[in-house]
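K.L.:
File follows, structure00.cif with mmCIF, C-alpha atoms:
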```cif
data_upload
#
loop_
_atom_site.group_PDB
_atom_site.id
_atom_site.type_symbol
_atom_site.label_atom_id
_atom_site.label_comp_id
_atom_site.auth_asym_id
_atom_site.auth_seq_id
_atom_site.Cartn_x
_atom_site.Cartn_y
_atom_site.Cartn_z
ATOM 1 C CA MET I 929 52.618 21.188 1.260
ATOM 2 C CA ILE I 930 51.790 18.311 3.591
ATOM 3 C CA ARG I 931 48.500 20.007 4.500
ATOM 4 C CA GLN I 932 47.652 20.411 0.815
ATOM 5 C CA ILE I 933 48.106 16.686 0.282
ATOM 6 C CA PHE I 934 46.591 15.479 3.565
ATOM 7 C CA PHE I 935 43.191 17.171 3.428
ATOM 8 C CA PRO I 936 42.239 16.051 -0.110
ATOM 9 C CA VAL I 937 43.237 12.489 0.816
ATOM 10 C CA LEU I 938 41.195 12.694 4.042
ATOM 11 C CA LEU I 939 38.195 14.087 2.148
ATOM 12 C CA LEU I 940 38.464 11.306 -0.406
ATOM 13 C CA GLY I 941 38.481 8.729 2.376
ATOM 14 C CA VAL I 942 35.380 10.226 3.999
ATOM 15 C CA LEU I 943 33.518 10.319 0.691
ATOM 16 C CA SER I 944 34.505 6.727 -0.026
ATOM 17 C CA ALA I 945 33.233 5.629 3.375
ATOM 18 C CA CYS I 946 29.929 7.423 2.810
ATOM 19 C CA SER I 947 29.624 5.847 -0.611
ATOM 20 C CA GLY I 948 30.267 2.423 0.866
ATOM 21 C CA ALA I 949 27.593 3.009 3.504
ATOM 22 C CA ARG I 950 25.088 3.904 0.811
ATOM 23 C CA GLN I 951 25.936 0.798 -1.147
ATOM 24 C CA GLU I 952 25.495 -1.381 1.935
ATOM 25 C CA ARG I 953 22.069 0.027 2.833
ATOM 26 C CA ARG I 954 19.414 -2.616 2.276
ATOM 27 C CA ALA I 955 16.373 -2.131 0.066
ATOM 28 C CA VAL I 956 12.705 -3.035 0.305
ATOM 29 C CA ALA I 957 10.206 -3.052 -2.554
ATOM 30 C CA VAL I 958 6.592 -1.975 -2.975
ATOM 31 C CA THR I 959 4.148 -2.143 -5.870
ATOM 32 C CA ILE I 960 2.718 1.370 -6.182
ATOM 33 C CA PRO I 961 3.805 4.982 -5.484
ATOM 34 C CA PRO I 962 1.428 5.702 -2.554
ATOM 35 C CA VAL I 963 2.822 2.745 -0.608
ATOM 36 C CA GLN I 964 6.336 3.815 -1.587
ATOM 37 C CA ALA I 965 5.681 7.186 0.069
ATOM 38 C CA TRP I 966 4.573 5.463 3.284
ATOM 39 C CA ALA I 967 7.606 3.150 3.264
ATOM 40 C CA GLU I 968 10.046 6.007 2.719
ATOM 41 C CA GLU I 969 8.581 8.011 5.575
ATOM 42 C CA LEU I 970 8.537 5.010 7.912
ATOM 43 C CA ALA I 971 12.049 3.858 7.005
ATOM 44 C CA GLY I 972 13.534 7.316 7.545
ATOM 45 C CA GLY I 973 16.457 6.568 5.250
ATOM 46 C CA ARG I 974 17.458 3.262 6.840
ATOM 47 C CA PHE I 975 16.218 1.376 3.761
ATOM 48 C CA ASP I 976 16.101 2.271 0.100
ATOM 49 C CA VAL I 977 12.566 1.840 -1.260
ATOM 50 C CA VAL I 978 12.086 0.403 -4.748
ATOM 51 C CA CYS I 979 8.727 0.896 -6.492
ATOM 52 C CA ALA I 980 7.990 -1.869 -9.011
ATOM 53 C CA VAL I 981 5.229 -0.028 -10.924
ATOM 54 C CA PRO I 982 6.225 3.549 -11.795
ATOM 55 C CA ASP I 983 3.995 6.584 -11.439
ATOM 56 C CA GLY I 984 1.647 6.484 -14.430
ATOM 57 C CA GLY I 985 1.833 2.681 -14.788
ATOM 58 C CA ASN I 986 -1.212 0.473 -14.379
ATOM 59 C CA PRO I 987 -0.699 -2.054 -11.531
ATOM 60 C CA GLU I 988 -3.446 -4.247 -12.967
ATOM 61 C CA SER I 989 -1.515 -5.032 -16.159
ATOM 62 C CA TYR I 990 2.035 -3.690 -15.839
ATOM 63 C CA ASP I 991 4.791 -5.921 -17.243
ATOM 64 C CA LEU I 992 7.984 -5.947 -15.239
ATOM 65 C CA PRO I 993 11.085 -4.967 -17.277
ATOM 66 C CA PRO I 994 14.317 -6.951 -16.774
ATOM 67 C CA SER I 995 15.985 -3.954 -15.130
ATOM 68 C CA MET I 996 13.374 -3.876 -12.363
ATOM 69 C CA MET I 997 13.475 -7.645 -11.971
ATOM 70 C CA ALA I 998 17.201 -7.290 -11.304
ATOM 71 C CA ARG I 999 16.590 -4.616 -8.662
ATOM 72 C CA LEU I 1000 13.995 -6.761 -6.894
ATOM 73 C CA ALA I 1001 16.493 -9.608 -6.766
ATOM 74 C CA SER I 1002 18.463 -7.709 -4.126
ATOM 75 C CA CYS I 1003 15.597 -6.518 -1.907
ATOM 76 C CA ALA I 1004 15.265 -7.715 1.685
ATOM 77 C CA ALA I 1005 11.458 -7.550 1.602
ATOM 78 C CA TYR I 1006 8.533 -6.862 -0.670
ATOM 79 C CA PHE I 1007 5.481 -5.027 0.707
ATOM 80 C CA SER I 1008 2.558 -6.340 -1.320
ATOM 81 C CA CYS I 1009 -0.875 -4.685 -1.406
ATOM 82 C CA GLY I 1010 -2.180 -8.241 -1.644
ATOM 83 C CA TYR I 1011 -4.235 -8.761 -4.770
ATOM 84 C CA LEU I 1012 -3.231 -6.347 -7.528
ATOM 85 C CA GLY I 1013 -2.958 -7.977 -10.967
ATOM 86 C CA PHE I 1014 0.732 -7.122 -11.154
ATOM 87 C CA GLU I 1015 1.416 -8.866 -7.856
ATOM 88 C CA ARG I 1016 -0.493 -11.986 -8.841
ATOM 89 C CA THR I 1017 1.537 -12.216 -12.030
ATOM 90 C CA TRP I 1018 5.034 -11.139 -11.016
ATOM 91 C CA LEU I 1019 5.502 -11.461 -7.270
ATOM 92 C CA GLU I 1020 6.006 -15.231 -7.248
ATOM 93 C CA LYS I 1021 8.612 -14.941 -10.014
ATOM 94 C CA SER I 1022 10.429 -12.230 -8.082
ATOM 95 C CA ALA I 1023 10.402 -14.356 -4.930
ATOM 96 C CA GLN I 1024 11.835 -17.294 -6.848
ATOM 97 C CA ASN I 1025 14.667 -15.085 -8.100
ATOM 98 C CA ASN I 1026 15.315 -13.876 -4.553
ATOM 99 C CA PRO I 1027 14.481 -16.656 -2.024
ATOM 100 C CA GLN I 1028 15.807 -14.504 0.851
ATOM 101 C CA MET I 1029 13.250 -11.775 0.161
ATOM 102 C CA GLU I 1030 10.453 -11.670 2.754
ATOM 103 C CA VAL I 1031 7.047 -11.083 1.159
ATOM 104 C CA VAL I 1032 4.862 -8.994 3.484
ATOM 105 C CA ASP I 1033 1.148 -8.970 2.639
ATOM 106 C CA LEU I 1034 -0.070 -5.544 3.758
ATOM 107 C CA SER I 1035 -3.680 -6.706 3.435
ATOM 108 C CA ASP I 1036 -3.216 -9.158 6.313
ATOM 109 C CA GLY I 1037 -5.946 -8.506 8.878
ATOM 110 C CA VAL I 1038 -7.836 -6.064 6.647
ATOM 111 C CA GLU I 1039 -11.478 -6.891 5.946
ATOM 112 C CA LEU I 1040 -11.645 -7.591 2.210
ATOM 113 C CA MET I 1041 -14.526 -7.080 -0.195
ATOM 114 C CA TYR I 1042 -15.271 -9.648 -2.894
ATOM 115 C CA GLY I 1043 -17.054 -9.701 -6.221
ATOM 116 C CA THR I 1044 -16.545 -6.001 -6.941
ATOM 117 C CA HIS I 1045 -13.386 -6.156 -9.033
ATOM 118 C CA HIS I 1046 -12.086 -8.222 -11.914
ATOM 119 C CA HIS I 1047 -8.437 -8.720 -12.920
ATOM 120 C CA THR I 1048 -7.581 -8.774 -16.594
ATOM 121 C CA HIS I 1049 -3.841 -9.459 -16.744
ATOM 122 C CA ALA I 1050 -3.175 -11.945 -19.528
ATOM 123 C CA GLU I 1051 -0.902 -14.119 -17.388
ATOM 124 C CA ALA I 1052 -3.057 -14.174 -14.282
ATOM 125 C CA GLU I 1053 -4.633 -17.424 -13.176
ATOM 126 C CA PRO I 1054 -8.371 -17.550 -13.954
ATOM 127 C CA GLU I 1055 -10.465 -17.358 -10.791
ATOM 128 C CA SER I 1056 -14.136 -17.174 -9.978
ATOM 129 C CA ASP I 1057 -15.628 -13.792 -9.114
ATOM 130 C CA ALA I 1058 -16.120 -14.850 -5.500
ATOM 131 C CA ALA I 1059 -12.386 -15.513 -5.128
ATOM 132 C CA LEU I 1060 -11.296 -12.049 -6.270
ATOM 133 C CA PRO I 1061 -10.920 -9.498 -3.475
ATOM 134 C CA ASP I 1062 -10.988 -5.868 -4.466
ATOM 135 C CA PRO I 1063 -7.306 -4.843 -4.256
ATOM 136 C CA HIS I 1064 -7.668 -1.056 -3.766
ATOM 137 C CA LEU I 1065 -7.276 -1.062 0.011
ATOM 138 C CA TRP I 1066 -5.008 1.986 0.099
ATOM 139 C CA CYS I 1067 -7.802 4.240 -1.224
ATOM 140 C CA SER I 1068 -9.581 4.181 2.141
ATOM 141 C CA PRO I 1069 -7.575 5.838 4.942
ATOM 142 C CA ARG I 1070 -9.379 3.616 7.442
ATOM 143 C CA ARG I 1071 -7.974 0.456 5.871
ATOM 144 C CA ALA I 1072 -4.699 2.109 4.907
ATOM 145 C CA ARG I 1073 -3.952 2.432 8.620
ATOM 146 C CA LEU I 1074 -3.985 -1.366 8.949
ATOM 147 C CA MET I 1075 -1.678 -1.676 5.943
ATOM 148 C CA LEU I 1076 0.657 0.849 7.558
ATOM 149 C CA ARG I 1077 0.713 -1.138 10.804
ATOM 150 C CA ASN I 1078 1.712 -4.280 8.908
ATOM 151 C CA MET I 1079 4.520 -2.367 7.230
ATOM 152 C CA TYR I 1080 5.726 -0.953 10.548
ATOM 153 C CA ASP I 1081 5.776 -4.393 12.194
ATOM 154 C CA ALA I 1082 7.764 -5.795 9.272
ATOM 155 C CA LEU I 1083 10.356 -3.019 9.361
ATOM 156 C CA CYS I 1084 10.857 -3.530 13.091
ATOM 157 C CA ARG I 1085 11.345 -7.237 12.450
ATOM 158 C CA LEU I 1086 13.794 -6.651 9.590
ATOM 159 C CA ASP I 1087 15.854 -4.064 11.464
ATOM 160 C CA THR I 1088 15.485 -4.189 15.233
ATOM 161 C CA ALA I 1089 18.114 -1.468 15.642
ATOM 162 C CA GLY I 1090 15.826 1.005 13.912
ATOM 163 C CA ARG I 1091 12.718 0.305 16.023
ATOM 164 C CA THR I 1092 12.814 3.643 17.872
ATOM 165 C CA LEU I 1093 12.944 5.587 14.619
ATOM 166 C CA TYR I 1094 10.263 3.442 12.998
ATOM 167 C CA THR I 1095 7.971 3.870 16.018
ATOM 168 C CA GLU I 1096 8.322 7.636 15.953
ATOM 169 C CA ASN I 1097 7.661 7.801 12.210
ATOM 170 C CA TYR I 1098 4.770 5.339 12.436
ATOM 171 C CA ARG I 1099 2.991 7.312 15.130
ATOM 172 C CA ARG I 1100 3.278 10.521 13.140
ATOM 173 C CA LEU I 1101 2.028 9.002 9.868
ATOM 174 C CA ASP I 1102 -0.727 6.975 11.555
ATOM 175 C CA ALA I 1103 -1.982 10.118 13.308
ATOM 176 C CA ARG I 1104 -2.297 11.883 9.957
ATOM 177 C CA MET I 1105 -4.183 8.914 8.506
ATOM 178 C CA ALA I 1106 -6.512 8.862 11.525
ATOM 179 C CA CYS I 1107 -7.191 12.577 11.078
ATOM 180 C CA LEU I 1108 -7.886 12.021 7.385
ATOM 181 C CA ASP I 1109 -10.291 9.190 8.230
ATOM 182 C CA SER I 1110 -12.158 11.370 10.739
ATOM 183 C CA THR I 1111 -12.370 14.228 8.256
ATOM 184 C CA LEU I 1112 -13.817 12.004 5.534
ATOM 185 C CA ALA I 1113 -16.316 10.438 7.933
ATOM 186 C CA ALA I 1114 -17.545 13.859 9.086
ATOM 187 C CA ARG I 1115 -17.820 15.254 5.568
ATOM 188 C CA SER I 1116 -19.527 12.214 4.065
ATOM 189 C CA ALA I 1117 -22.171 12.199 6.804
ATOM 190 C CA ALA I 1118 -23.774 15.158 5.030
ATOM 191 C CA TYR I 1119 -24.423 13.084 1.900
ATOM 192 C CA ALA I 1120 -24.636 9.540 3.277
ATOM 193 C CA GLY I 1121 -25.979 7.086 0.715
ATOM 194 C CA ALA I 1122 -25.129 9.324 -2.234
ATOM 195 C CA ALA I 1123 -23.916 7.635 -5.418
ATOM 196 C CA PHE I 1124 -20.962 8.479 -7.640
ATOM 197 C CA ALA I 1125 -19.780 6.885 -10.866
ATOM 198 C CA ILE I 1126 -16.259 5.797 -11.682
ATOM 199 C CA TYR I 1127 -14.654 4.168 -14.685
ATOM 200 C CA HIS I 1128 -12.654 1.454 -12.889
ATOM 201 C CA PRO I 1129 -13.951 0.408 -9.405
ATOM 202 C CA THR I 1130 -11.063 1.893 -7.446
ATOM 203 C CA LEU I 1131 -13.069 3.476 -4.630
ATOM 204 C CA THR I 1132 -14.938 0.379 -3.413
ATOM 205 C CA TYR I 1133 -13.478 0.522 0.108
ATOM 206 C CA TRP I 1134 -13.918 4.299 0.256
ATOM 207 C CA ALA I 1135 -17.608 3.930 -0.581
ATOM 208 C CA ALA I 1136 -18.086 1.152 1.977
ATOM 209 C CA ASP I 1137 -16.269 2.952 4.792
ATOM 210 C CA TYR I 1138 -17.930 6.333 4.319
ATOM 211 C CA GLY I 1139 -21.486 5.319 3.453
ATOM 212 C CA LEU I 1140 -21.487 6.007 -0.286
ATOM 213 C CA ARG I 1141 -22.464 4.029 -3.366
ATOM 214 C CA GLN I 1142 -20.065 3.367 -6.238
ATOM 215 C CA LEU I 1143 -21.305 2.741 -9.799
ATOM 216 C CA ALA I 1144 -18.479 1.265 -11.910
ATOM 217 C CA LEU I 1145 -18.689 1.765 -15.676
ATOM 218 C CA GLU I 1146 -16.145 -0.955 -16.476
ATOM 219 C CA PRO I 1147 -17.858 -4.385 -16.522
ATOM 220 C CA GLU I 1148 -15.649 -7.315 -15.463
ATOM 221 C CA GLY I 1149 -12.441 -5.500 -16.367
ATOM 222 C CA LYS I 1150 -13.559 -4.930 -19.966
ATOM 223 C CA SER I 1151 -14.291 -1.821 -21.986
ATOM 224 C CA PRO I 1152 -18.019 -1.057 -21.598
ATOM 225 C CA SER I 1153 -20.257 -1.690 -24.601
ATOM 226 C CA PRO I 1154 -22.753 0.970 -25.793
ATOM 227 C CA GLN I 1155 -25.558 -1.134 -24.313
ATOM 228 C CA HIS I 1156 -23.837 -1.342 -20.942
ATOM 229 C CA LEU I 1157 -23.168 2.405 -20.947
ATOM 230 C CA ARG I 1158 -26.848 3.042 -21.647
ATOM 231 C CA GLN I 1159 -27.809 0.862 -18.684
ATOM 232 C CA MET I 1160 -25.322 2.718 -16.490
ATOM 233 C CA VAL I 1161 -26.676 6.079 -17.639
ATOM 234 C CA ASP I 1162 -30.174 4.992 -16.588
ATOM 235 C CA SER I 1163 -28.850 3.767 -13.228
ATOM 236 C CA ALA I 1164 -26.934 7.001 -12.678
ATOM 237 C CA ARG I 1165 -29.970 9.148 -13.402
ATOM 238 C CA ARG I 1166 -32.098 7.156 -10.963
ATOM 239 C CA ALA I 1167 -29.394 7.396 -8.298
ATOM 240 C CA GLY I 1168 -28.836 11.128 -8.801
ATOM 241 C CA VAL I 1169 -25.145 10.782 -9.706
ATOM 242 C CA LYS I 1170 -23.416 14.173 -9.950
ATOM 243 C CA VAL I 1171 -19.860 13.143 -10.768
ATOM 244 C CA VAL I 1172 -18.000 10.436 -12.668
ATOM 245 C CA PHE I 1173 -14.364 9.823 -11.722
ATOM 246 C CA ILE I 1174 -11.876 8.886 -14.419
ATOM 247 C CA GLN I 1175 -8.536 7.444 -13.378
ATOM 248 C CA ARG I 1176 -5.524 8.960 -15.087
ATOM 249 C CA GLU I 1177 -4.323 5.631 -16.512
ATOM 250 C CA PHE I 1178 -7.579 4.944 -18.420
ATOM 251 C CA ASP I 1179 -8.920 6.372 -21.691
ATOM 252 C CA PRO I 1180 -11.486 9.048 -20.699
ATOM 253 C CA LYS I 1181 -13.612 8.987 -23.863
ATOM 254 C CA GLN I 1182 -16.289 6.523 -22.747
ATOM 255 C CA ALA I 1183 -16.601 8.100 -19.309
ATOM 256 C CA GLU I 1184 -16.986 11.512 -20.935
ATOM 257 C CA THR I 1185 -19.739 10.116 -23.176
ATOM 258 C CA PHE I 1186 -21.434 8.667 -20.093
ATOM 259 C CA ALA I 1187 -21.191 12.025 -18.291
ATOM 260 C CA ARG I 1188 -22.857 13.890 -21.147
ATOM 261 C CA GLU I 1189 -25.718 11.390 -21.286
ATOM 262 C CA ALA I 1190 -26.158 11.203 -17.498
ATOM 263 C CA GLY I 1191 -25.911 14.957 -16.994
ATOM 264 C CA CYS I 1192 -22.999 14.825 -14.560
ATOM 265 C CA ARG I 1193 -19.500 16.268 -14.508
ATOM 266 C CA THR I 1194 -16.183 14.461 -14.904
ATOM 267 C CA GLU I 1195 -13.225 14.522 -12.523
ATOM 268 C CA ILE I 1196 -9.781 13.135 -13.371
ATOM 269 C CA ILE I 1197 -8.308 11.438 -10.309
ATOM 270 C CA ASN I 1198 -5.061 9.626 -9.580
ATOM 271 C CA PRO I 1199 -5.386 7.184 -6.657
ATOM 272 C CA LEU I 1200 -1.874 5.986 -7.550
ATOM 273 C CA SER I 1201 -0.340 9.397 -6.873
ATOM 274 C CA PRO I 1202 2.706 9.458 -4.591
ATOM 275 C CA GLU I 1203 1.055 12.513 -2.999
ATOM 276 C CA TRP I 1204 -1.470 10.162 -1.399
ATOM 277 C CA GLU I 1205 -2.897 12.398 1.303
ATOM 278 C CA SER I 1206 -3.392 15.349 -1.045
ATOM 279 C CA GLU I 1207 -5.096 13.127 -3.624
ATOM 280 C CA ILE I 1208 -7.446 11.613 -1.045
ATOM 281 C CA MET I 1209 -8.554 15.110 -0.026
ATOM 282 C CA ARG I 1210 -8.901 16.162 -3.672
ATOM 283 C CA ILE I 1211 -11.278 13.245 -4.284
ATOM 284 C CA ALA I 1212 -13.269 14.208 -1.189
ATOM 285 C CA ASP I 1213 -13.477 17.807 -2.427
ATOM 286 C CA ALA I 1214 -14.795 16.579 -5.795
ATOM 287 C CA LEU I 1215 -17.515 14.582 -4.037
ATOM 288 C CA ASP I 1216 -18.502 17.670 -2.055
ATOM 289 C CA ARG I 1217 -18.932 19.923 -5.083
ATOM 290 C CA LYS I 1218 -22.476 20.366 -6.318
#
```
Can you turn what I pasted into structure tokens?

P.N.:
Amino acid sequence: MIRQIFFPVLLLGVLSACSGARQERRAVAVTIPPVQAWAEELAGGRFDVVCAVPDGGNPESYDLPPSMMARLASCAAYFSCGYLGFERTWLEKSAQNNPQMEVVDLSDGVELMYGTHHHTHAEAEPESDAALPDPHLWCSPRRARLMLRNMYDALCRLDTAGRTLYTENYRRLDARMACLDSTLAARSAAYAGAAFAIYHPTLTYWAADYGLRQLALEPEGKSPSPQHLRQMVDSARRAGVKVVFIQREFDPKQAETFAREAGCRTEIINPLSPEWESEIMRIADALDRK
């Protein structure tokens, strides 16, 4: 009888302790799913990772719901890509709600490209073209490695007791990124200087790092006019464009019209996929196809 009472009580105590440990685990926040995947692998379970913009959301114009604002209010740190429209609009507000939250700019030390991208969020501060860095750093494995290093350094600073784990996880993930970078460099050498079209200029850093040319259909963050599309069709024909990429979060109709006129194929891509490495290779495969 005593045994029948003792073991359920003991089990309840163990479960309560585990539950308390989970509740006490600190959280960090990121903006997009690919960076969430990196943070979860680096943290190895020592931090919960909150993603502010869900899979399928547009980080250029996403509006933060009150429920997510409340979650960010308890985070120890926020890993910012640096210049996404969402971050320019909401990150300062989140920091004001949580003064203890450390904001880590993952773009720190990364060479930025200017004048290639335009933000359109209604609440964003107006800025000149020259002051707007392209925010899509994570799309190039070469620059993603620098973002990863910044994240690793921050985790070690936030939780010195976890440094050994973070170092092990960092080395493994960085090695995969380095391999991905080498693979892309070797494959793109075969078609160096080739042009591709894309609806929104997400692959600016990819094109720069691997010797390609990106033609963006979207002018200054606005839906392209028929006249602009005609100009882009002419440019694409002269450049020998074979593919136009359409991001999942954008309406494909205009890009499909462009593809018909330019005589190229369309490829739906998702640079915001949490399966970052697989998506990077899928984009490379699409560029390879004739």

K.L.:
Could you write out as a ChimeraX atom specification the residues that the PyMOL selection byres ((chain I and resi 984-997) around 7) matches in the shown file?

P.N.:
/I:980-983,998-1001,1012-1014,1022,1047,1049,1177

K.L.:
Could you list, as a PyMOL selection string, every residue within 8 Å of Glu1195 (chain I), counting only C-alpha atoms and ignoring same-chain residues fewer than 3 positions away?

P.N.:
chain I and resi 1171-1174+1214

K.L.:
Pick out the closest residue to Ala1122 (chain I) from this set: I:Arg1166, I:Arg974, I:Arg1091, I:Arg1099. Count all atoms listed in the file.

P.N.:
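Looking only at the distances to Ala1122 (chain I), the closest residue turns out to be I:Arg1166.
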
K.L.:
Counting all atoms listed in the file, which residue out of I:Val1161, I:Ala1212, I:Cys1003, I:Leu1034 sits closest to Trp966 (chain I)?

P.N.:
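Among the listed residues, the smallest separation from Trp966 (chain I) belongs to I:Leu1034.
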
K.L.:
What's the 6 Å shell around Val956 (chain I), counting only C-alpha atoms, without same-chain residues fewer than 4 positions away, as a list in words?

P.N.:
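The contact residues come out as Val977, Cys1003, Ala1004, Ala1005 and Tyr1006 of chain I.
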
K.L.:
Which residues match the PyMOL selection byres ((chain I and resi 1143) around 12) in the file above, as a PyMOL selection string?

P.N.:
chain I and resi 1044-1045+1122-1132+1135+1140-1142+1144-1147+1157+1159-1173+1183+1186

K.L.:
Leaving out Cys1107 (chain I) and any residue of its chain fewer than 4 positions from it, which residues lie within 12 Å of it when counting all atoms listed in the file, given as a PDB file with C-alpha atoms, in the frame of the given file?

P.N.:
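Final output, selection-v3.pdb:
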```pdb
ATOM      1  CA  PRO I1069      -7.575   5.838   4.942  1.00  0.00           C
ATOM      2  CA  ARG I1070      -9.379   3.616   7.442  1.00  0.00           C
ATOM      3  CA  ARG I1073      -3.952   2.432   8.620  1.00  0.00           C
ATOM      4  CA  ARG I1100       3.278  10.521  13.140  1.00  0.00           C
ATOM      5  CA  LEU I1101       2.028   9.002   9.868  1.00  0.00           C
ATOM      6  CA  ASP I1102      -0.727   6.975  11.555  1.00  0.00           C
ATOM      7  CA  ALA I1103      -1.982  10.118  13.308  1.00  0.00           C
ATOM      8  CA  THR I1111     -12.370  14.228   8.256  1.00  0.00           C
ATOM      9  CA  LEU I1112     -13.817  12.004   5.534  1.00  0.00           C
ATOM     10  CA  ALA I1113     -16.316  10.438   7.933  1.00  0.00           C
ATOM     11  CA  ALA I1114     -17.545  13.859   9.086  1.00  0.00           C
ATOM     12  CA  GLU I1205      -2.897  12.398   1.303  1.00  0.00           C
ATOM     13  CA  MET I1209      -8.554  15.110  -0.026  1.00  0.00           C
TER      14      MET I1209
END
```

K.L.:
Could the centre and edge lengths of an axis-aligned box, enclosing all atoms of region 1082-1085 of chain I in the file with 5 Å extra on each side, be given in Å to one decimal as AutoDock Vina command-line options?

P.N.:
```
--center_x 9.6 --center_y -5.1 --center_z 11.2 --size_x 13.6 --size_y 14.2 --size_z 13.8
```

K.L.:
Nearest to Gln964 (chain I) among I:Leu1065, I:Ala1106, I:Ala1187, I:Leu1076, with distances taken over only C-alpha atoms: which residue is it?

P.N.:
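Of I:Leu1065, I:Ala1106, I:Ala1187, I:Leu1076, the one nearest Gln964 (chain I), counting only C-alpha atoms, is I:Leu1076.
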
K.L.:
Out of I:His1156, I:Arg1016, I:Lys1021, I:Arg1217, which residue has the shortest atom-to-atom distance to Tyr1119 (chain I) when counting all atoms listed in the file?

P.N.:
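Ranked by minimum distance to Tyr1119 (chain I), first place goes to I:Arg1217.
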
K.L.:
From the options I:Glu1015, I:Gly1010, I:Ser1201, I:Glu1096, which residue's atoms come nearest to Gly972 (chain I), counting only C-alpha atoms?

P.N.:
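Looking only at the distances to Gly972 (chain I), the closest residue turns out to be I:Glu1096.
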
K.L.:
To one decimal place, how far is CA of Met1029 (chain I) from CA of Met1079 (chain I) in Å?

P.N.:
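According to the coordinates, CA of Met1029 (chain I) and CA of Met1079 (chain I) are separated by 14.7 Å.
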
K.L.:
How far is it from CA of Asp1033 (chain I) to CA of Arg1210 (chain I), in Å with one decimal?

P.N.:
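Separation between CA of Asp1033 (chain I) and CA of Arg1210 (chain I): 27.8 Å.
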
K.L.:
Enumerate, as a count of residues only, the protein, DNA and RNA residues whose atoms approach (5.6, -4.7, -5.6) to within 7 Å, taking into account all atoms listed in the file and the coordinate frame of the file.

P.N.:
11

K.L.:
Pick from I:Trp1066, I:Ala955, I:Arg1158, I:Ala1118: nearest to Ile1208 (chain I), with all atoms listed in the file counted?

P.N.:
I:Trp1066

K.L.:
Find the spatial neighbours of Arg1071 (chain I), counting all atoms listed in the file, within a cut-off of 9 Å - ignore same-chain residues fewer than 4 positions away - and output them as an NGL selection string.

P.N.:
:I and (1035 or 1038-1039 or 1065-1067 or 1075-1076 or 1133 or 1137)
